[in-house]
file query_33.cif (mmCIF, C-alpha atoms and all ligand atoms)
data_start
#
loop_
_atom_site.group_PDB
_atom_site.id
_atom_site.type_symbol
_atom_site.label_atom_id
_atom_site.label_comp_id
_atom_site.auth_asym_id
_atom_site.auth_seq_id
_atom_site.Cartn_x
_atom_site.Cartn_y
_atom_site.Cartn_z
ATOM 1 C CA MET A 1 128.463 149.058 95.884
ATOM 2 C CA SER A 2 129.749 148.628 99.423
ATOM 3 C CA GLU A 3 133.310 147.656 100.120
ATOM 4 C CA ARG A 4 132.124 144.261 101.226
ATOM 5 C CA GLU A 5 130.205 143.652 98.023
ATOM 6 C CA ILE A 6 133.235 144.639 96.011
ATOM 7 C CA MET A 7 135.336 142.199 98.007
ATOM 8 C CA ASN A 8 132.807 139.481 97.259
ATOM 9 C CA VAL A 9 133.079 140.081 93.569
ATOM 10 C CA ILE A 10 136.859 140.180 93.690
ATOM 11 C CA GLY A 11 136.913 137.100 95.905
ATOM 12 C CA LYS A 12 134.878 135.185 93.404
ATOM 13 C CA LYS A 13 137.159 135.984 90.548
ATOM 14 C CA SER A 14 140.337 135.258 92.422
ATOM 15 C CA GLU A 15 141.756 131.896 93.526
ATOM 16 C CA PRO A 16 139.243 129.443 95.020
ATOM 17 C CA THR A 17 139.359 129.303 98.810
ATOM 18 C CA LEU A 18 140.695 126.226 100.559
ATOM 19 C CA GLU A 19 137.131 125.359 101.479
ATOM 20 C CA ASP A 20 136.057 125.515 97.849
ATOM 21 C CA GLN A 21 138.947 123.281 96.891
ATOM 22 C CA GLU A 22 137.909 120.723 99.521
ATOM 23 C CA LEU A 23 134.343 120.813 98.263
ATOM 24 C CA ALA A 24 135.528 120.369 94.690
ATOM 25 C CA LYS A 25 137.560 117.313 95.718
ATOM 26 C CA GLU A 26 134.488 115.679 97.248
ATOM 27 C CA VAL A 27 132.490 116.552 94.176
ATOM 28 C CA ASN A 28 134.887 114.698 91.913
ATOM 29 C CA ASP A 29 134.023 111.457 93.677
ATOM 30 C CA ARG A 30 130.306 111.989 93.193
ATOM 31 C CA GLU A 31 127.940 111.840 90.275
ATOM 32 C CA PRO A 32 127.054 115.217 88.815
ATOM 33 C CA CYS A 33 123.740 116.645 90.040
ATOM 34 C CA PRO A 34 120.992 115.048 87.930
ATOM 35 C CA TYR A 35 118.970 118.261 88.190
ATOM 36 C CA GLY A 36 121.869 120.593 87.453
ATOM 37 C CA ILE A 37 121.068 122.464 90.655
ATOM 38 C CA CYS A 38 124.050 121.813 92.917
ATOM 39 C CA ASN A 39 127.680 121.283 92.003
ATOM 40 C CA GLY A 40 127.326 117.567 92.624
ATOM 41 C CA SER A 41 128.069 117.807 96.331
ATOM 42 C CA GLY A 42 124.366 117.588 97.168
ATOM 43 C CA LEU A 43 124.724 120.826 99.090
ATOM 44 C CA ILE A 44 123.810 124.320 98.065
ATOM 45 C CA ARG A 45 125.631 127.130 99.788
ATOM 46 C CA LYS A 46 123.827 130.404 99.386
ATOM 47 C CA GLU A 47 125.903 133.548 98.931
ATOM 48 C CA GLY A 48 126.830 134.986 102.302
ATOM 49 C CA SER A 49 125.339 132.063 104.227
ATOM 50 C CA THR A 50 127.421 129.886 106.505
ATOM 51 C CA THR A 51 125.026 126.945 106.416
ATOM 52 C CA ALA A 52 124.358 124.754 103.419
ATOM 53 C CA GLU A 53 120.987 123.571 102.181
ATOM 54 C CA GLN A 54 120.336 120.067 100.863
ATOM 55 C CA CYS A 55 119.861 119.855 97.118
ATOM 56 C CA LYS A 56 116.908 117.880 95.706
ATOM 57 C CA CYS A 57 119.407 115.239 94.538
ATOM 58 C CA LEU A 58 120.740 114.658 98.069
ATOM 59 C CA VAL A 59 117.234 114.564 99.567
ATOM 60 C CA GLU A 60 116.348 111.844 97.042
ATOM 61 C CA GLN A 61 119.528 109.926 97.711
ATOM 62 C CA ILE A 62 118.812 109.942 101.439
ATOM 63 C CA MET A 63 115.214 108.855 100.800
ATOM 64 C CA GLU A 64 116.424 106.012 98.579
ATOM 65 C CA GLN A 65 118.631 104.757 101.399
ATOM 66 C CA LYS A 66 115.733 105.036 103.836
ATOM 67 C CA LEU A 67 113.541 102.912 101.549
ATOM 68 C CA LYS A 68 116.261 100.268 101.388
ATOM 69 C CA ASN A 69 116.581 100.251 105.173
ATOM 70 C CA SER A 70 112.809 99.946 105.478
ATOM 71 C CA ASN A 71 112.603 97.005 103.079
ATOM 72 C CA ILE A 72 110.398 99.065 100.754
ATOM 73 C CA ASN A 73 110.803 98.397 97.031
ATOM 74 C CA LEU A 74 112.545 101.326 95.299
ATOM 75 C CA LYS A 75 109.750 101.474 92.721
ATOM 76 C CA TYR A 76 107.797 103.322 95.412
ATOM 77 C CA LEU A 77 110.365 106.118 95.647
ATOM 78 C CA GLY A 78 108.555 109.440 95.369
ATOM 79 C CA LYS A 79 105.103 107.794 95.354
ATOM 80 C CA GLY A 80 103.515 109.549 98.292
ATOM 81 C CA PHE A 81 99.781 110.226 98.682
ATOM 82 C CA ASP A 82 99.789 112.765 95.841
ATOM 83 C CA TYR A 83 100.896 110.129 93.361
ATOM 84 C CA TYR A 84 97.535 108.310 93.539
ATOM 85 C CA ASP A 85 94.193 109.073 91.919
ATOM 86 C CA ASN A 86 90.861 109.357 93.709
ATOM 87 C CA LYS A 87 89.282 106.227 92.267
ATOM 88 C CA THR A 88 89.711 104.169 95.444
ATOM 89 C CA LYS A 89 86.686 104.662 97.690
ATOM 90 C CA PHE A 90 86.551 103.681 101.330
ATOM 91 C CA GLN A 91 84.287 103.075 104.273
ATOM 92 C CA LEU A 92 85.231 103.383 107.902
ATOM 93 C CA PHE A 93 84.155 100.424 110.048
ATOM 94 C CA ILE A 94 83.363 101.468 113.600
ATOM 95 C CA PRO A 95 82.946 98.468 115.940
ATOM 96 C CA LYS A 96 79.699 98.292 117.886
ATOM 97 C CA GLU A 97 80.199 98.077 121.621
ATOM 98 C CA LYS A 98 77.589 95.346 121.699
ATOM 99 C CA PRO A 99 77.253 93.322 118.502
ATOM 100 C CA GLY A 100 73.726 92.390 117.462
ATOM 101 C CA PRO A 101 72.532 88.778 117.916
ATOM 102 C CA ILE A 102 73.265 86.217 115.251
ATOM 103 C CA ASP A 103 70.304 84.989 113.237
ATOM 104 C CA GLY A 104 68.927 82.084 115.323
ATOM 105 C CA ARG A 105 68.071 80.080 112.241
ATOM 106 C CA LEU A 106 71.761 79.727 111.387
ATOM 107 C CA ARG A 107 73.048 76.398 112.639
ATOM 108 C CA ASP A 108 76.651 77.276 111.927
ATOM 109 C CA PRO A 109 78.132 80.817 112.192
ATOM 110 C CA LYS A 110 80.235 79.910 109.150
ATOM 111 C CA ASN A 111 77.047 80.133 107.116
ATOM 112 C CA GLU A 112 76.438 83.748 108.015
ATOM 113 C CA LYS A 113 76.825 86.074 105.048
ATOM 114 C CA VAL A 114 79.749 88.491 105.270
ATOM 115 C CA GLU A 115 77.495 91.538 104.977
ATOM 116 C CA LYS A 116 75.207 90.218 107.738
ATOM 117 C CA PHE A 117 78.168 89.708 110.041
ATOM 118 C CA ILE A 118 79.407 93.219 109.290
ATOM 119 C CA GLU A 119 75.965 94.681 109.941
ATOM 120 C CA ARG A 120 75.849 93.053 113.383
ATOM 121 C CA HIS A 121 79.340 94.146 114.393
ATOM 122 C CA TYR A 122 80.051 97.510 112.748
ATOM 123 C CA ASP A 123 78.592 100.900 112.052
ATOM 124 C CA ILE A 124 79.735 101.920 108.613
ATOM 125 C CA LYS A 125 80.709 105.511 108.109
ATOM 126 C CA GLU A 126 81.080 107.030 104.683
ATOM 127 C CA ASP A 127 83.405 109.973 104.266
ATOM 128 C CA GLU A 128 83.174 112.529 101.496
ATOM 129 C CA ARG A 129 86.879 113.252 101.600
ATOM 130 C CA SER A 130 89.294 111.451 99.314
ATOM 131 C CA LEU A 131 91.115 108.422 100.677
ATOM 132 C CA LYS A 132 94.514 110.024 100.257
ATOM 133 C CA LYS A 133 93.389 113.071 102.200
ATOM 134 C CA VAL A 134 92.048 110.938 105.044
ATOM 135 C CA LEU A 135 95.162 108.740 105.169
ATOM 136 C CA PHE A 136 97.406 111.789 105.083
ATOM 137 C CA SER A 137 95.546 113.171 108.061
ATOM 138 C CA TYR A 138 95.818 109.769 109.776
ATOM 139 C CA ALA A 139 99.594 109.770 109.256
ATOM 140 C CA GLU A 140 99.952 113.392 110.334
ATOM 141 C CA THR A 141 98.012 112.922 113.571
ATOM 142 C CA ASN A 142 99.901 109.745 114.405
ATOM 143 C CA ASN A 143 103.211 111.449 113.757
ATOM 144 C CA GLY A 144 102.227 114.168 116.213
ATOM 145 C CA LEU A 145 101.350 111.509 118.790
ATOM 146 C CA LEU A 146 104.732 109.797 118.325
ATOM 147 C CA ASP A 147 106.482 113.155 118.761
ATOM 148 C CA GLU A 148 104.566 113.707 122.005
ATOM 149 C CA LYS A 149 105.517 110.170 123.138
ATOM 150 C CA GLU A 150 101.851 109.270 123.097
ATOM 151 C CA ASP A 151 100.399 106.024 121.756
ATOM 152 C CA GLY A 152 99.719 105.910 118.034
ATOM 153 C CA VAL A 153 96.659 104.233 116.550
ATOM 154 C CA ASN A 154 96.920 101.299 114.131
ATOM 155 C CA LEU A 155 95.305 100.961 110.750
ATOM 156 C CA LEU A 156 93.841 98.023 108.839
ATOM 157 C CA LEU A 157 93.159 98.480 105.144
ATOM 158 C CA PHE A 158 91.103 95.587 103.839
ATOM 159 C CA GLY A 159 89.066 94.679 100.784
ATOM 160 C CA ASP A 160 89.329 93.003 97.412
ATOM 161 C CA PRO A 161 92.738 92.427 95.823
ATOM 162 C CA ALA A 162 94.317 95.108 93.633
ATOM 163 C CA ASN A 163 92.453 98.104 94.974
ATOM 164 C CA GLY A 164 95.496 99.968 96.178
ATOM 165 C CA LYS A 165 95.846 98.785 99.779
ATOM 166 C CA THR A 166 99.581 98.116 99.649
ATOM 167 C CA SER A 167 100.311 101.318 97.719
ATOM 168 C CA PHE A 168 98.473 103.421 100.273
ATOM 169 C CA ALA A 169 100.094 101.589 103.182
ATOM 170 C CA ILE A 170 103.484 102.380 101.662
ATOM 171 C CA ALA A 171 102.491 106.015 101.051
ATOM 172 C CA ILE A 172 101.887 106.171 104.807
ATOM 173 C CA GLY A 173 105.330 104.626 105.332
ATOM 174 C CA LEU A 174 106.967 107.225 103.087
ATOM 175 C CA TYR A 175 105.272 109.995 105.041
ATOM 176 C CA PHE A 176 106.830 108.721 108.262
ATOM 177 C CA LEU A 177 110.248 108.300 106.636
ATOM 178 C CA GLU A 178 110.116 111.942 105.609
ATOM 179 C CA LYS A 179 109.408 112.767 109.242
ATOM 180 C CA ASN A 180 112.524 110.812 110.213
ATOM 181 C CA LYS A 181 110.640 107.954 111.836
ATOM 182 C CA SER A 182 111.680 104.337 111.368
ATOM 183 C CA VAL A 183 109.521 102.168 109.131
ATOM 184 C CA TYR A 184 109.631 98.490 108.231
ATOM 185 C CA PHE A 185 107.647 96.834 105.462
ATOM 186 C CA THR A 186 107.083 93.090 105.266
ATOM 187 C CA THR A 187 104.440 90.574 104.313
ATOM 188 C CA THR A 188 102.965 88.974 107.392
ATOM 189 C CA GLN A 189 104.083 85.569 106.181
ATOM 190 C CA ASN A 190 107.699 86.719 105.835
ATOM 191 C CA LEU A 191 107.730 88.159 109.322
ATOM 192 C CA ILE A 192 106.344 84.939 110.791
ATOM 193 C CA ASP A 193 108.894 82.910 108.808
ATOM 194 C CA LYS A 194 111.589 85.106 110.323
ATOM 195 C CA VAL A 195 110.540 84.064 113.810
ATOM 196 C CA PHE A 196 112.012 80.656 112.972
ATOM 197 C CA ASP A 197 115.396 81.726 111.683
ATOM 198 C CA ASN A 198 115.996 85.200 113.121
ATOM 199 C CA LYS A 199 114.279 85.764 116.436
ATOM 200 C CA GLU A 200 116.411 88.807 117.319
ATOM 201 C CA GLU A 201 115.533 90.525 114.083
ATOM 202 C CA VAL A 202 111.819 89.979 114.743
ATOM 203 C CA ALA A 203 112.233 91.271 118.289
ATOM 204 C CA ARG A 204 113.970 94.377 116.952
ATOM 205 C CA ILE A 205 111.275 94.986 114.342
ATOM 206 C CA SER A 206 108.509 94.440 116.889
ATOM 207 C CA ARG A 207 109.947 96.646 119.603
ATOM 208 C CA GLU A 208 111.870 99.383 117.850
ATOM 209 C CA VAL A 209 110.321 100.245 114.520
ATOM 210 C CA ASP A 210 107.993 103.254 114.818
ATOM 211 C CA VAL A 211 105.747 102.138 111.972
ATOM 212 C CA LEU A 212 105.472 98.475 110.990
ATOM 213 C CA ILE A 213 103.644 97.742 107.753
ATOM 214 C CA LEU A 214 102.310 94.192 107.665
ATOM 215 C CA ASP A 215 101.160 93.401 104.165
ATOM 216 C CA GLU A 216 98.775 90.553 103.376
ATOM 217 C CA LEU A 217 97.556 89.843 106.856
ATOM 218 C CA PHE A 218 95.492 86.649 106.864
ATOM 219 C CA ASN A 219 97.478 85.001 104.046
ATOM 220 C CA GLU A 220 99.812 83.548 106.666
ATOM 221 C CA TYR A 221 96.843 81.714 108.117
ATOM 222 C CA HIS A 222 96.582 79.509 105.086
ATOM 223 C CA SER A 223 100.142 78.296 105.440
ATOM 224 C CA SER A 224 100.908 74.942 107.013
ATOM 225 C CA ASN A 225 101.594 76.511 110.399
ATOM 226 C CA GLY A 226 98.458 78.650 110.605
ATOM 227 C CA LEU A 227 97.881 78.370 114.330
ATOM 228 C CA TYR A 228 101.532 78.965 115.151
ATOM 229 C CA ALA A 229 101.505 82.008 112.867
ATOM 230 C CA GLN A 230 98.415 83.379 114.563
ATOM 231 C CA LYS A 231 100.006 83.120 118.016
ATOM 232 C CA ARG A 232 103.236 84.850 116.941
ATOM 233 C CA LEU A 233 101.248 87.557 115.203
ATOM 234 C CA MET A 234 99.206 88.203 118.346
ATOM 235 C CA GLU A 235 102.427 88.487 120.354
ATOM 236 C CA ILE A 236 103.935 90.984 117.934
ATOM 237 C CA LEU A 237 100.785 93.128 117.849
ATOM 238 C CA LYS A 238 100.463 93.063 121.637
ATOM 239 C CA VAL A 239 104.090 94.085 122.185
ATOM 240 C CA ARG A 240 103.682 96.979 119.773
ATOM 241 C CA GLU A 241 100.415 97.961 121.410
ATOM 242 C CA GLU A 242 102.100 98.095 124.811
ATOM 243 C CA LEU A 243 104.894 100.250 123.431
ATOM 244 C CA GLY A 244 102.444 102.554 121.652
ATOM 245 C CA LEU A 245 104.069 101.867 118.274
ATOM 246 C CA ILE A 246 102.085 101.993 115.054
ATOM 247 C CA THR A 247 101.171 99.000 112.912
ATOM 248 C CA VAL A 248 99.554 99.345 109.509
ATOM 249 C CA CYS A 249 98.081 96.150 108.038
ATOM 250 C CA THR A 250 96.600 95.321 104.675
ATOM 251 C CA SER A 251 94.404 92.305 104.000
ATOM 252 C CA ASN A 252 92.275 90.722 101.305
ATOM 253 C CA GLY A 253 90.180 89.171 104.063
ATOM 254 C CA ASN A 254 87.040 90.523 105.725
ATOM 255 C CA PRO A 255 85.976 90.846 109.387
ATOM 256 C CA ARG A 256 83.827 87.727 109.307
ATOM 257 C CA ASP A 257 86.697 85.574 108.102
ATOM 258 C CA PHE A 258 89.092 87.152 110.602
ATOM 259 C CA ASN A 259 86.617 86.359 113.323
ATOM 260 C CA LEU A 260 86.074 82.770 112.212
ATOM 261 C CA LEU A 261 89.746 81.954 111.795
ATOM 262 C CA TYR A 262 91.551 84.088 114.350
ATOM 263 C CA GLY A 263 88.904 83.977 117.039
ATOM 264 C CA GLU A 264 87.505 86.505 119.477
ATOM 265 C CA SER A 265 90.636 87.630 121.297
ATOM 266 C CA PHE A 266 92.314 88.521 118.037
ATOM 267 C CA MET A 267 89.231 90.402 116.882
ATOM 268 C CA SER A 268 89.106 92.253 120.176
ATOM 269 C CA LEU A 269 92.695 93.384 119.550
ATOM 270 C CA ILE A 270 91.831 94.483 116.009
ATOM 271 C CA ASN A 271 88.591 96.231 116.958
ATOM 272 C CA GLY A 272 90.196 97.803 119.992
ATOM 273 C CA THR A 273 93.416 99.149 118.490
ATOM 274 C CA PHE A 274 92.928 99.520 114.713
ATOM 275 C CA PHE A 275 91.042 101.952 112.546
ATOM 276 C CA MET A 276 89.409 99.736 109.945
ATOM 277 C CA PHE A 277 88.962 100.924 106.392
ATOM 278 C CA ARG A 278 87.364 98.879 103.648
ATOM 279 C CA LEU A 279 88.765 99.950 100.303
ATOM 280 C CA GLU A 280 86.795 99.637 97.109
ATOM 281 C CA ARG A 281 87.786 100.415 93.590
ATOM 282 C CA GLU A 282 85.537 100.148 90.563
ATOM 283 C CA THR A 283 88.371 98.990 88.373
ATOM 284 C CA ASP A 284 91.242 96.603 89.051
ATOM 285 C CA ALA A 285 94.383 98.667 89.678
ATOM 286 C CA ARG A 286 96.634 95.971 88.230
ATOM 287 C CA VAL A 287 94.596 95.724 85.043
ATOM 288 C CA GLU A 288 94.708 99.520 84.775
ATOM 289 C CA GLN A 289 98.487 99.331 84.977
ATOM 290 C CA MET A 290 98.532 96.530 82.419
ATOM 291 C CA LEU A 291 96.442 98.578 79.986
ATOM 292 C CA LYS A 292 99.151 101.241 80.161
ATOM 293 C CA ASN A 293 101.648 98.533 79.242
ATOM 294 C CA TYR A 294 99.595 97.646 76.138
ATOM 295 C CA ASP A 295 100.063 101.255 75.068
ATOM 296 C CA LYS A 296 103.748 101.216 75.930
ATOM 297 C CA PHE A 297 104.374 98.093 73.830
ATOM 298 C CA ASN A 298 102.061 99.236 71.055
ATOM 299 C CA PHE A 299 99.910 96.109 71.240
HETATM 300 ZN ZN ZN B 301 122.051 118.349 93.317
#
call {"tool": "encode", "arguments": {"input": "query_33.cif", "output": "structure tokens"}}
result
Amino acid sequence: MSEREIMNVIGKKSEPTLEDQELAKEVNDREPCPYGICNGSGLIRKEGSTTAEQCKCLVEQIMEQKLKNSNINLKYLGKGFDYYDNKTKFQLFIPKEKPGPIDGRLRDPKNEKVEKFIERHYDIKEDERSLKKVLFSYAETNNGLLDEKEDGVNLLLFGDPANGKTSFAIAIGLYFLEKNKSVYFTTTQNLIDKVFDNKEEVARISREVDVLILDELFNEYHSSNGLYAQKRLMEILKVREELGLITVCTSNGNPRDFNLLYGESFMSLINGTFFMFRLERETDARVEQMLKNYDKFNF
């Protein structure tokens, strides 16, 4: 044993150092470590090291605060991509540079079937990879672009209700929070409502948040101020586009309905700045969750 090692052993058994006493004082004000890893300070100081590492408990505490700041429900804490199964399938919609002609026998474009409209406007690409893998790669590439001060690319997840759109959008948000980017989650309707009573807040969210998650795009259209909402939404998306910031949207709507209600300039913005994924799930995710509750309650 070297002299230094001996001193370490002696040091440990003798009086605590002033630094240790300080640390112990802080610890008394905190909860004990839920994992029993650190001494409650949230920091782990390795023997002989001058720097401290963050304990799992502190990392989680920081993440919890980040979720609060991002307006993300705490039930999503820890639910990154890995949390989800592979039951949600997806198709990538690639806009055609020149959409095919509409069926001449249709008197009103409103009568065109959704699938017909999609066929005219998009090439559909299937991908063998799992959705979570593809979205992880989307988030990773975008994060790299943000780091390089390059423009990120937006994402629209659309499809039937309860197929996991919001959960995956939030998993993307959590990824960016881990990378120390700013994220804000809101329903589109809530953001538009905010334009009325808190313009500055909307301006801040539009211009400063690295990743804005707009849930339930298209629902706002059915509110009493549909046209007003559409205009404000366009403004927000355009500002973010100019600044190269990322917007992730979810919607129960489909491209034909977007086109009919929002019009061509909006669709041009969507087609020109968003990756479009249609999500499909054989089973209803909410019903799946409810079935678990039947078990939990022994019904
Ligand atoms: Zn700890």
call {"tool": "residues_near_point", "arguments": {"input": "query_33.cif", "point": "(100.3, 97.7, 104.0)", "cutoff": "10 Å", "atoms": "all atoms listed in the file", "output": "ChimeraX atom specification"}}
result
/A:155-158,164-173,185-188,212-217,247-251
call {"tool": "write_last_selection", "arguments": {"input": "query_33.cif", "atoms": "C-alpha atoms", "output": "PDB file, in the frame of the given file"}}
result
ATOM      1  CA  LEU A 155      95.305 100.961 110.750  1.00  0.00           C
ATOM      2  CA  LEU A 156      93.841  98.023 108.839  1.00  0.00           C
ATOM      3  CA  LEU A 157      93.159  98.480 105.144  1.00  0.00           C
ATOM      4  CA  PHE A 158      91.103  95.587 103.839  1.00  0.00           C
ATOM      5  CA  GLY A 164      95.496  99.968  96.178  1.00  0.00           C
ATOM      6  CA  LYS A 165      95.846  98.785  99.779  1.00  0.00           C
ATOM      7  CA  THR A 166      99.581  98.116  99.649  1.00  0.00           C
ATOM      8  CA  SER A 167     100.311 101.318  97.719  1.00  0.00           C
ATOM      9  CA  PHE A 168      98.473 103.421 100.273  1.00  0.00           C
ATOM     10  CA  ALA A 169     100.094 101.589 103.182  1.00  0.00           C
ATOM     11  CA  ILE A 170     103.484 102.380 101.662  1.00  0.00           C
ATOM     12  CA  ALA A 171     102.491 106.015 101.051  1.00  0.00           C
ATOM     13  CA  ILE A 172     101.887 106.171 104.807  1.00  0.00           C
ATOM     14  CA  GLY A 173     105.330 104.626 105.332  1.00  0.00           C
ATOM     15  CA  PHE A 185     107.647  96.834 105.462  1.00  0.00           C
ATOM     16  CA  THR A 186     107.083  93.090 105.266  1.00  0.00           C
ATOM     17  CA  THR A 187     104.440  90.574 104.313  1.00  0.00           C
ATOM     18  CA  THR A 188     102.965  88.974 107.392  1.00  0.00           C
ATOM     19  CA  LEU A 212     105.472  98.475 110.990  1.00  0.00           C
ATOM     20  CA  ILE A 213     103.644  97.742 107.753  1.00  0.00           C
ATOM     21  CA  LEU A 214     102.310  94.192 107.665  1.00  0.00           C
ATOM     22  CA  ASP A 215     101.160  93.401 104.165  1.00  0.00           C
ATOM     23  CA  GLU A 216      98.775  90.553 103.376  1.00  0.00           C
ATOM     24  CA  LEU A 217      97.556  89.843 106.856  1.00  0.00           C
ATOM     25  CA  THR A 247     101.171  99.000 112.912  1.00  0.00           C
ATOM     26  CA  VAL A 248      99.554  99.345 109.509  1.00  0.00           C
ATOM     27  CA  CYS A 249      98.081  96.150 108.038  1.00  0.00           C
ATOM     28  CA  THR A 250      96.600  95.321 104.675  1.00  0.00           C
ATOM     29  CA  SER A 251      94.404  92.305 104.000  1.00  0.00           C
TER      30      SER A 251
END
call {"tool": "closest_atom_pairs", "arguments": {"input": "query_33.cif", "of": "chain A", "to": "ligand ZN 301 (chain B)", "cutoff": "7 Å", "atoms": "all atoms listed in the file", "output": "JSON lines"}}
result
{"residue": "A:Cys33", "atom": "CA", "partner": "B:ZN301", "partner_atom": "ZN", "distance": 4.1}
{"residue": "A:Pro34", "atom": "CA", "partner": "B:ZN301", "partner_atom": "ZN", "distance": 6.4}
{"residue": "A:Tyr35", "atom": "CA", "partner": "B:ZN301", "partner_atom": "ZN", "distance": 6.0}
{"residue": "A:Gly36", "atom": "CA", "partner": "B:ZN301", "partner_atom": "ZN", "distance": 6.3}
{"residue": "A:Ile37", "atom": "CA", "partner": "B:ZN301", "partner_atom": "ZN", "distance": 5.0}
{"residue": "A:Cys38", "atom": "CA", "partner": "B:ZN301", "partner_atom": "ZN", "distance": 4.0}
{"residue": "A:Asn39", "atom": "CA", "partner": "B:ZN301", "partner_atom": "ZN", "distance": 6.5}
{"residue": "A:Gly40", "atom": "CA", "partner": "B:ZN301", "partner_atom": "ZN", "distance": 5.4}
{"residue": "A:Ser41", "atom": "CA", "partner": "B:ZN301", "partner_atom": "ZN", "distance": 6.8}
{"residue": "A:Gly42", "atom": "CA", "partner": "B:ZN301", "partner_atom": "ZN", "distance": 4.6}
{"residue": "A:Leu43", "atom": "CA", "partner": "B:ZN301", "partner_atom": "ZN", "distance": 6.8}
{"residue": "A:Cys55", "atom": "CA", "partner": "B:ZN301", "partner_atom": "ZN", "distance": 4.6}
{"residue": "A:Lys56", "atom": "CA", "partner": "B:ZN301", "partner_atom": "ZN", "distance": 5.7}
{"residue": "A:Cys57", "atom": "CA", "partner": "B:ZN301", "partner_atom": "ZN", "distance": 4.3}
{"residue": "A:Leu58", "atom": "CA", "partner": "B:ZN301", "partner_atom": "ZN", "distance": 6.2}
call {"tool": "residues_around", "arguments": {"input": "query_33.cif", "residues": "Asp210 of chain A", "least_positions_apart": "5", "cutoff": "10 Å", "atoms": "all atoms listed in the file", "output": "PyMOL selection string"}}
result
chain A and resi 143+146+152+173+176-177+180-184+205+240+243-247
call {"tool": "residues_around", "arguments": {"input": "query_33.cif", "residues": "Thr88 of chain A", "least_positions_apart": "2", "cutoff": "12 Å", "atoms": "all atoms listed in the file", "output": "PyMOL selection string"}}
result
chain A and resi 84-86+90-91+129-134+157+159-160+162-165+167-168+277-285
call {"tool": "write_last_selection", "arguments": {"input": "query_33.cif", "atoms": "C-alpha atoms", "output": "tab-separated table (two decimals), in the frame of the given file"}}
result
chain	number	residue	atom	x	y	z
A	84	TYR	CA	97.54	108.31	93.54
A	85	ASP	CA	94.19	109.07	91.92
A	86	ASN	CA	90.86	109.36	93.71
A	90	PHE	CA	86.55	103.68	101.33
A	91	GLN	CA	84.29	103.08	104.27
A	129	ARG	CA	86.88	113.25	101.60
A	130	SER	CA	89.29	111.45	99.31
A	131	LEU	CA	91.12	108.42	100.68
A	132	LYS	CA	94.51	110.02	100.26
A	133	LYS	CA	93.39	113.07	102.20
A	134	VAL	CA	92.05	110.94	105.04
A	157	LEU	CA	93.16	98.48	105.14
A	159	GLY	CA	89.07	94.68	100.78
A	160	ASP	CA	89.33	93.00	97.41
A	162	ALA	CA	94.32	95.11	93.63
A	163	ASN	CA	92.45	98.10	94.97
A	164	GLY	CA	95.50	99.97	96.18
A	165	LYS	CA	95.85	98.78	99.78
A	167	SER	CA	100.31	101.32	97.72
A	168	PHE	CA	98.47	103.42	100.27
A	277	PHE	CA	88.96	100.92	106.39
A	278	ARG	CA	87.36	98.88	103.65
A	279	LEU	CA	88.76	99.95	100.30
A	280	GLU	CA	86.80	99.64	97.11
A	281	ARG	CA	87.79	100.42	93.59
A	282	GLU	CA	85.54	100.15	90.56
A	283	THR	CA	88.37	98.99	88.37
A	284	ASP	CA	91.24	96.60	89.05
A	285	ALA	CA	94.38	98.67	89.68
call {"tool": "resolve_selection", "arguments": {"input": "query_33.cif", "expression": "the PyMOL selection byres (((chain A and resi 76) around 10) and not hetatm)", "output": "list in words"}}
result
Glu64, Leu67, Ile72, Asn73, Leu74, Lys75, Leu77, Gly78, Lys79, Gly80, Tyr83, Ser167, Ile170, Ala171 and Leu174 of chain A
call {"tool": "residues_around", "arguments": {"input": "query_33.cif", "residues": "Ile124 of chain A", "least_positions_apart": "5", "cutoff": "8 Å", "atoms": "all atoms listed in the file", "output": "list in words"}}
result
Gln91, Leu92, Phe93 and Ile94 of chain A
call {"tool": "closest_residue", "arguments": {"input": "query_33.cif", "among": "A:Phe274, A:Phe218, A:Phe196, A:Tyr228", "to": "Tyr138 of chain A", "atoms": "all atoms listed in the file"}}
result
A:Phe274
call {"tool": "resolve_selection", "arguments": {"input": "query_33.cif", "expression": "the PyMOL selection byres (((chain A and resi 98) around 10) and not hetatm)", "output": "PyMOL selection string"}}
result
chain A and resi 95-97+99-101+120-122
call {"tool": "axis_aligned_box", "arguments": {"input": "query_33.cif", "around": "segment 239-243 of chain A", "padding_each_side": "5 Å", "output": "JSON"}}
result
{"center_x": 102.7, "center_y": 97.2, "center_z": 122.3, "size_x": 14.5, "size_y": 16.2, "size_z": 15.0}
call {"tool": "atom_distance", "arguments": {"input": "query_33.cif", "atom1": "atom CA of Asp82 of chain A", "atom2": "atom CA of Arg286 of chain A"}}
result
18.7 Å
call {"tool": "residues_around", "arguments": {"input": "query_33.cif", "residues": "Leu269 of chain A", "least_positions_apart": "5", "cutoff": "9 Å", "atoms": "all atoms listed in the file", "output": "list in words"}}
result
Met234, Leu237, Lys238, Glu264 and Phe274 of chain A
call {"tool": "atom_distance", "arguments": {"input": "query_33.cif", "atom1": "atom CA of Pro109 of chain A", "atom2": "atom CA of Tyr262 of chain A"}}
result
14.0 Å
